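Text of upload34.txt (compact mmCIF, C-alpha atoms and all ligand atoms) as supplied:
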```txt
# COMPACT_ATOMS: atom_id res chain seq x y z
CA MET A 1 78.09 98.23 86.47
CA SER A 2 77.75 101.34 84.33
CA LYS A 3 80.35 102.36 81.81
CA PRO A 4 83.26 104.17 83.46
CA GLU A 5 84.50 107.36 81.82
CA LYS A 6 88.00 105.97 81.58
CA LEU A 7 89.60 102.60 82.21
CA LEU A 8 93.03 104.12 82.98
CA ASP A 9 93.77 107.09 85.24
CA LYS A 10 96.26 109.91 84.62
CA LYS A 11 99.10 107.81 86.02
CA GLY A 12 98.18 104.96 83.67
CA LEU A 13 96.82 102.83 86.51
CA ARG A 14 93.70 100.69 86.12
CA LEU A 15 90.37 101.03 87.97
CA ASP A 16 91.50 98.56 90.64
CA GLY A 17 94.89 100.27 90.96
CA ARG A 18 96.82 97.70 88.95
CA LYS A 19 99.68 98.49 86.59
CA LEU A 20 99.17 97.63 82.91
CA ASP A 21 101.03 94.33 83.14
CA GLU A 22 99.94 93.35 86.64
CA LEU A 23 97.90 90.23 87.44
CA ARG A 24 95.01 90.29 89.89
CA PRO A 25 95.81 88.78 93.30
CA ILE A 26 95.51 85.03 92.88
CA LYS A 27 95.25 82.08 95.24
CA MET A 28 94.52 78.40 94.76
CA GLU A 29 93.82 75.36 96.84
CA VAL A 30 93.81 71.73 95.79
CA GLY A 31 91.81 68.76 97.06
CA ILE A 32 88.99 70.57 98.78
CA LEU A 33 86.02 68.34 97.89
CA ALA A 34 85.76 65.00 99.68
CA ASN A 35 83.45 63.34 97.14
CA ALA A 36 85.23 64.11 93.86
CA ASP A 37 88.32 62.27 92.58
CA GLY A 38 90.09 65.59 92.20
CA SER A 39 89.20 69.18 92.99
CA ALA A 40 90.56 72.70 93.17
CA TYR A 41 89.43 76.19 94.14
CA LEU A 42 90.77 79.45 92.78
CA GLU A 43 90.32 83.14 93.49
CA GLN A 44 91.65 85.61 90.96
CA GLY A 45 90.62 89.14 91.84
CA ARG A 46 86.87 88.88 92.33
CA ASN A 47 86.58 85.61 90.39
CA LYS A 48 85.80 82.55 92.50
CA VAL A 49 86.00 79.20 90.74
CA LEU A 50 85.55 75.61 91.85
CA ALA A 51 86.51 72.61 89.71
CA ALA A 52 85.82 68.93 90.32
CA VAL A 53 87.02 65.91 88.36
CA TYR A 54 85.59 62.39 88.22
CA GLY A 55 87.38 59.53 86.55
CA PRO A 56 88.73 57.74 84.71
CA LYS A 57 85.48 55.81 85.06
CA GLU A 58 83.06 53.73 83.00
CA VAL A 59 81.34 55.80 80.28
CA HIS A 60 77.61 56.42 80.40
CA PRO A 61 75.97 56.16 77.92
CA LYS A 62 78.18 53.22 76.94
CA HIS A 63 78.11 53.84 73.18
CA LEU A 64 80.22 56.98 73.70
CA ALA A 65 83.20 54.90 74.87
CA LEU A 66 86.24 54.84 72.56
CA PRO A 67 88.28 51.65 72.15
CA ASP A 68 91.68 53.31 72.23
CA ARG A 69 91.37 56.23 74.67
CA ALA A 70 89.36 57.95 77.33
CA ILE A 71 86.87 60.67 76.46
CA LEU A 72 87.25 64.02 78.19
CA ARG A 73 84.03 65.85 79.01
CA CYS A 74 83.71 69.30 80.49
CA ARG A 75 80.90 71.42 81.86
CA TYR A 76 81.48 75.11 82.55
CA HIS A 77 78.62 76.51 84.58
CA MET A 78 77.92 79.89 86.15
CA ALA A 79 76.01 79.88 89.41
CA PRO A 80 72.86 82.05 89.30
CA PHE A 81 74.41 84.33 91.92
CA SER A 82 77.81 84.61 90.18
CA VAL A 83 76.97 87.71 88.16
CA GLU A 84 75.26 91.04 88.87
CA GLU A 85 72.00 90.09 87.21
CA ARG A 86 70.72 86.67 88.32
CA LYS A 87 71.65 84.12 85.67
CA SER A 88 69.29 81.30 84.79
CA PRO A 89 70.75 78.04 86.11
CA ALA A 90 70.04 76.37 82.75
CA PRO A 91 73.07 76.14 80.45
CA SER A 92 73.24 79.14 78.12
CA ARG A 93 74.71 79.09 74.61
CA ARG A 94 77.74 80.91 76.02
CA GLU A 95 78.27 78.23 78.68
CA ILE A 96 77.93 75.42 76.12
CA GLU A 97 80.52 77.11 73.93
CA LEU A 98 82.89 77.78 76.82
CA SER A 99 82.57 74.16 77.98
CA LYS A 100 83.85 73.08 74.56
CA VAL A 101 86.58 75.70 74.39
CA ILE A 102 87.84 74.74 77.85
CA ARG A 103 87.70 71.01 77.04
CA ASP A 104 89.75 71.61 73.89
CA ALA A 105 92.29 73.66 75.85
CA LEU A 106 92.78 70.89 78.41
CA GLU A 107 92.71 67.82 76.15
CA PRO A 108 96.24 68.12 74.71
CA ALA A 109 97.64 67.85 78.25
CA VAL A 110 95.93 64.60 79.23
CA PHE A 111 97.28 61.12 78.36
CA LEU A 112 93.83 59.92 77.29
CA GLU A 113 95.34 56.85 75.60
CA TYR A 114 96.22 55.41 79.03
CA TYR A 115 92.55 54.82 79.84
CA PRO A 116 90.63 53.31 76.89
CA ARG A 117 86.83 52.94 77.22
CA THR A 118 86.61 55.37 80.15
CA SER A 119 85.55 58.97 80.66
CA ILE A 120 87.12 61.79 82.60
CA ASP A 121 84.53 64.39 83.57
CA ILE A 122 85.34 67.94 84.59
CA PHE A 123 82.83 70.24 86.28
CA ILE A 124 83.66 73.93 86.57
CA GLU A 125 81.43 76.08 88.74
CA ILE A 126 81.84 79.84 88.54
CA LEU A 127 80.74 81.02 91.98
CA GLN A 128 81.59 84.66 91.33
CA ALA A 129 82.49 86.17 87.96
CA ASP A 130 84.50 89.28 87.16
CA GLY A 131 85.94 88.73 83.70
CA GLY A 132 88.34 86.08 82.46
CA THR A 133 86.37 83.16 83.86
CA ARG A 134 87.19 80.85 80.92
CA CYS A 135 90.86 81.33 81.76
CA ALA A 136 90.31 80.94 85.50
CA GLY A 137 88.22 77.83 84.75
CA ILE A 138 91.06 76.26 82.73
CA THR A 139 93.67 77.00 85.40
CA THR A 140 91.43 75.52 88.12
CA ALA A 141 90.38 72.46 86.09
CA ALA A 142 94.01 71.58 85.29
CA LEU A 143 94.74 71.55 89.02
CA ALA A 144 91.71 69.36 89.70
CA LEU A 145 92.87 66.91 86.98
CA ALA A 146 96.32 66.74 88.58
CA ASP A 147 94.68 66.28 91.98
CA ALA A 148 92.70 63.32 90.59
CA GLY A 149 96.07 61.73 89.74
CA ILE A 150 95.44 61.82 86.00
CA PRO A 151 98.74 61.68 84.08
CA MET A 152 99.36 64.91 82.18
CA ARG A 153 102.09 66.24 79.91
CA ASP A 154 102.03 69.47 81.91
CA LEU A 155 99.59 71.65 83.80
CA VAL A 156 97.51 73.93 81.60
CA VAL A 157 97.28 77.55 82.66
CA ALA A 158 95.38 80.41 81.09
CA CYS A 159 95.42 84.20 81.19
CA ALA A 160 94.09 86.99 78.98
CA ALA A 161 95.74 90.13 77.72
CA GLY A 162 93.90 92.91 75.95
CA LYS A 163 93.61 96.62 75.31
CA ALA A 164 91.92 99.43 77.19
CA ASP A 165 92.14 103.19 76.56
CA GLY A 166 94.72 102.51 73.86
CA LYS A 167 97.12 100.54 76.08
CA LEU A 168 97.82 96.82 76.28
CA ILE A 169 96.80 95.32 79.63
CA LEU A 170 97.14 91.96 81.35
CA ASP A 171 94.43 89.86 83.06
CA LEU A 172 91.28 91.86 82.22
CA MET A 173 88.53 92.26 84.78
CA ASP A 174 84.89 92.51 83.73
CA LEU A 175 84.79 96.29 83.11
CA GLU A 176 87.95 96.12 80.99
CA ASP A 177 86.56 93.11 79.12
CA LYS A 178 83.23 94.88 78.45
CA TYR A 179 84.44 98.39 77.67
CA GLY A 180 88.01 97.81 76.49
CA GLU A 181 89.07 97.53 72.86
CA ALA A 182 90.23 93.91 72.82
CA ASP A 183 90.51 90.69 74.83
CA VAL A 184 92.93 87.86 73.98
CA PRO A 185 92.53 84.79 76.20
CA LEU A 186 95.41 82.32 75.92
CA ALA A 187 96.03 78.92 77.50
CA MET A 188 99.32 77.06 77.45
CA MET A 189 101.45 74.30 78.91
CA PRO A 190 104.39 76.44 80.06
CA GLY A 191 106.69 73.46 80.72
CA ILE A 192 106.59 72.44 77.06
CA ASN A 193 105.82 75.89 75.65
CA ALA A 194 102.67 74.74 73.83
CA VAL A 195 99.64 77.01 73.36
CA THR A 196 96.29 75.19 73.65
CA LEU A 197 93.84 78.09 73.39
CA LEU A 198 94.03 81.41 71.61
CA GLN A 199 91.00 83.59 71.05
CA MET A 200 90.46 87.24 70.31
CA ASP A 201 87.58 89.58 70.79
CA GLY A 202 87.80 93.17 69.49
CA SER A 203 90.58 94.49 67.30
CA LEU A 204 94.33 94.95 67.56
CA THR A 205 97.08 95.76 65.09
CA LEU A 206 99.36 92.84 64.24
CA GLU A 207 102.08 94.38 66.38
CA GLU A 208 99.71 94.80 69.34
CA PHE A 209 98.43 91.25 68.88
CA GLU A 210 101.95 89.84 69.06
CA LYS A 211 102.70 91.94 72.14
CA ALA A 212 99.40 90.87 73.76
CA ILE A 213 100.28 87.20 73.22
CA GLU A 214 103.68 87.73 74.82
CA MET A 215 102.02 89.50 77.80
CA ALA A 216 99.44 86.73 78.21
CA MET A 217 102.19 84.07 78.09
CA GLU A 218 104.16 85.95 80.72
CA GLY A 219 101.00 86.07 82.88
CA CYS A 220 100.54 82.31 82.36
CA ARG A 221 104.10 81.61 83.47
CA LYS A 222 103.50 83.53 86.71
CA ILE A 223 100.19 81.76 87.40
CA TYR A 224 101.90 78.41 86.64
CA GLU A 225 104.22 78.97 89.61
CA VAL A 226 101.19 79.52 91.89
CA GLN A 227 99.56 76.36 90.48
CA LYS A 228 102.64 74.26 91.24
CA GLU A 229 102.85 75.71 94.76
CA ALA A 230 99.18 74.82 95.37
CA LEU A 231 99.83 71.20 94.33
CA LYS A 232 102.94 70.98 96.51
CA ALA A 233 101.05 72.47 99.46
CA LYS A 234 98.56 69.62 99.33
CA TYR A 235 101.30 66.99 99.45
CA VAL A 236 103.08 68.72 102.33
CA THR A 237 99.79 68.47 104.26
CA VAL A 238 99.38 64.80 103.30
CA LYS A 239 102.97 64.08 104.39
CA GLU A 240 102.44 65.82 107.73
CA GLU A 241 99.25 63.85 108.33
CA THR A 242 100.94 60.51 107.58
CA GLU A 243 103.81 61.34 109.89
CA GLU A 244 101.57 62.21 112.82
O1 LIG B 301 84.57 85.29 81.72
P1 LIG B 301 85.17 85.43 80.35
O2 LIG B 301 85.86 86.75 80.13
O3 LIG B 301 86.04 84.26 79.97
O4 LIG B 301 83.95 85.32 79.32
P2 LIG B 301 83.07 86.51 78.64
O5 LIG B 301 81.97 85.83 77.90
O6 LIG B 301 83.99 87.44 77.91
O7 LIG B 301 82.39 87.23 79.89
C1 LIG B 301 83.01 88.29 80.53
C2 LIG B 301 82.35 88.56 81.83
O8 LIG B 301 81.01 89.02 81.66
C3 LIG B 301 82.20 87.38 82.79
O9 LIG B 301 83.38 87.00 83.43
C4 LIG B 301 81.17 87.94 83.75
O10 LIG B 301 81.80 88.77 84.71
C5 LIG B 301 80.28 88.77 82.83
N1 LIG B 301 79.01 88.07 82.52
C6 LIG B 301 77.87 88.50 83.16
O11 LIG B 301 77.92 89.46 83.91
N2 LIG B 301 76.67 87.83 82.95
C7 LIG B 301 76.62 86.77 82.13
N3 LIG B 301 75.46 86.12 81.93
C8 LIG B 301 77.79 86.32 81.47
C9 LIG B 301 78.97 87.02 81.68
```
Write out the structure in this file as structure tokens.
Ligand code: CDP
Amino acid sequence: MSKPEKLLDKKGLRLDGRKLDELRPIKMEVGILANADGSAYLEQGRNKVLAAVYGPKEVHPKHLALPDRAILRCRYHMAPFSVEERKSPAPSRREIELSKVIRDALEPAVFLEYYPRTSIDIFIEILQADGGTRCAGITTAALALADAGIPMRDLVVACAAGKADGKLILDLMDLEDKYGEADVPLAMMPGINAVTLLQMDGSLTLEEFEKAIEMAMEGCRKIYEVQKEALKAKYVTVKEETEE
């Protein structure tokens, strides 16, 4: 997409009609893949993300196993058709980096010490990308981990805030990410108020940075409610099926 003249209109609304502090429409579903131990699907604006979890299971290769805890592995991958210009299916440097960043954002939530000598593997597939896919990937993967029944301190949820046309904005889409002044992705465990990822691209004053963090945390808290509803919805379905 070419560079738009402005990212905000005269009324201060964004290109998709959102207010500055408004999230994209978001929906999630848990337990959608029959052959994974846990899975989840998320749509956030035009982002479409699928996450699958396997484990805890025996580690291959075996020498990677740790005597006192499980290892957590993560692969973030963009489908070739997920972006405007066909992406090579081979892992890019960006995907390798994001896989690590996402793993590190999720690890503090998982009780790895419960499962020594095992691995927990997370696969995140970006089916359609429109900015903020590392955050959407974290939110989806946390749900898939919970769906796999892996004990966690809390769900992890992520959201970005940033700046476009001089104003702070929440939950950046691709155009705002590309042509805006800054992007601050943040992941947290809202139930215990712990931040597990904080990055920044672009520049902000200290005051703006603090405000952006507060906005991103507020976005996370809203998405957290949707996450919990998605988990509950699965168990309502399971309950109905068992009662039939
Ligand atoms: O997705 P996120 O904002 O976490 O990561 P990014 O590296 O800041 O990428 C921003 C956006 O650029 C992605 O969400 C995609 O929409 C787009 N992108 C793309 O069009 N082609 C790529 N090969 C990689 C990213």
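If one restricts the calculation to all atoms listed in the file, the set of residues situated within 7 Å of ligand LIG 301 (chain B) consists of Val83, Glu84, Glu85, Lys87, Arg94, Ala129, Asp130, Gly131, Gly132, Thr133, Arg134, Cys135, Asp174, Asp177 and Lys178 of chain A.
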Point out the residue among A:Leu175, A:Val59, A:Met200, A:Leu206 with the least atom-to-atom distance to Lys3 (chain A), counting only C-alpha atoms. A:Leu175
With all atoms listed in the file as the atoms that count, which of A:Asp21, A:Glu43, A:Asp104, A:Glu244 lies nearest to Met217 (chain A)?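 Of A:Asp21, A:Glu43, A:Asp104, A:Glu244, the one nearest Met217 (chain A) is A:Asp21, counting all atoms listed in the file.
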What does the distance from CA of Glu58 (chain A) to CA of Met189 (chain A) come to in Å, to one decimal? 27.9 Å
Between CA of Val156 (chain A) and CA of Val226 (chain A), measure the distance and give it in Å to one decimal.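 Between CA of Val156 (chain A) and CA of Val226 (chain A) the gap works out to 12.3 Å.
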Do a neighbour search on region 122-124 of chain A at 7 Å with all atoms listed in the file, toss out local chain neighbours closer than 2 positions, and write the hits as a ChimeraX atom specification. /A:50-54,73-77,120,126,137,141
What separates CA of Ala146 (chain A) and CA of Glu241 (chain A) is a distance of 20.2 Å
In terms of the shortest atom-to-atom distance over all atoms listed in the file, which of A:Lys11, A:Lys27, A:Lys232, A:Lys62 is closest to Asp147 (chain A)?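 Checking each candidate against Asp147 (chain A), we get A:Lys232 as the closest.
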Out of A:Ala142, A:Ile96, A:Ile150, A:Leu106, which residue has the shortest atom-to-atom distance to Lys57 (chain A) when counting only C-alpha atoms?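 Smallest separation from Lys57 (chain A) among the options: A:Ile150.
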Env of Arg18 (chain A): 10 Å cut, atoms = all atoms listed in the file, seq-sep filter 6 positions within chain, self excluded. Answer as an mmCIF file with C-alpha atoms, keeping the file's coordinate frame.
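Final output, saved to out-v3.cif:
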```cif
data_model
loop_
_atom_site.group_PDB
_atom_site.id
_atom_site.type_symbol
_atom_site.label_atom_id
_atom_site.label_comp_id
_atom_site.auth_asym_id
_atom_site.auth_seq_id
_atom_site.Cartn_x
_atom_site.Cartn_y
_atom_site.Cartn_z
ATOM 1 C CA LEU A 8 93.030 104.120 82.980
ATOM 2 C CA GLY A 12 98.180 104.960 83.670
ATOM 3 C CA ARG A 24 95.010 90.290 89.890
ATOM 4 C CA PRO A 25 95.810 88.780 93.300
ATOM 5 C CA ILE A 169 96.800 95.320 79.630
ATOM 6 C CA LEU A 170 97.140 91.960 81.350
#
```
For region 82-86 of chain A, what centre and edge lengths in Å (one decimal) does the axis-aligned box get once 6 Å is added on each side of all its listed atoms, as AutoDock Vina command-line options?
```
--center_x 74.3 --center_y 87.8 --center_z 88.7 --size_x 19.1 --size_y 18.4 --size_z 15.0
```
Selected residue, from A:Leu155, A:Ala212, A:Met173, A:Val30, that lies nearest to Gln44 (chain A) when counting only C-alpha atoms: A:Met173
When you count all atoms listed in the file, which of these residues is closest to Ala194 (chain A): A:Asp154, A:Glu214, A:Glu22, A:Glu97?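 Once distances to Ala194 (chain A) are computed over all atoms listed in the file, the minimum belongs to A:Asp154.
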Pull the neighbourhood of (97.9, 84.4, 79.9) for me: all residues within 7 Å in file coordinates, counting all atoms listed in the file, as a PyMOL selection string. chain A and resi 158-161+185-187+215-220
Leu72 (chain A) environment, 7 Å, only C-alpha atoms, sequence neighbours closer than 3 positions dropped, as a list in words: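 Close residues of Leu72 (chain A): Glu107, Ser119, Ile120 and Asp121 of chain A.
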Those same residues - C-alpha atoms - I'd like them written as a JSON list (two decimals), in the coordinates of the input.
```json
[["chain", "number", "residue", "atom", "x", "y", "z"],
["A", 107, "GLU", "CA", 92.71, 67.82, 76.15],
["A", 119, "SER", "CA", 85.55, 58.97, 80.66],
["A", 120, "ILE", "CA", 87.12, 61.79, 82.60],
["A", 121, "ASP", "CA", 84.53, 64.39, 83.57]]
```
Name the residues in contact with Glu176 (chain A) at a cut-off of 12 Å, using only C-alpha atoms, excluding same-chain residues fewer than 6 positions from it; report them as a count of residues only. 30
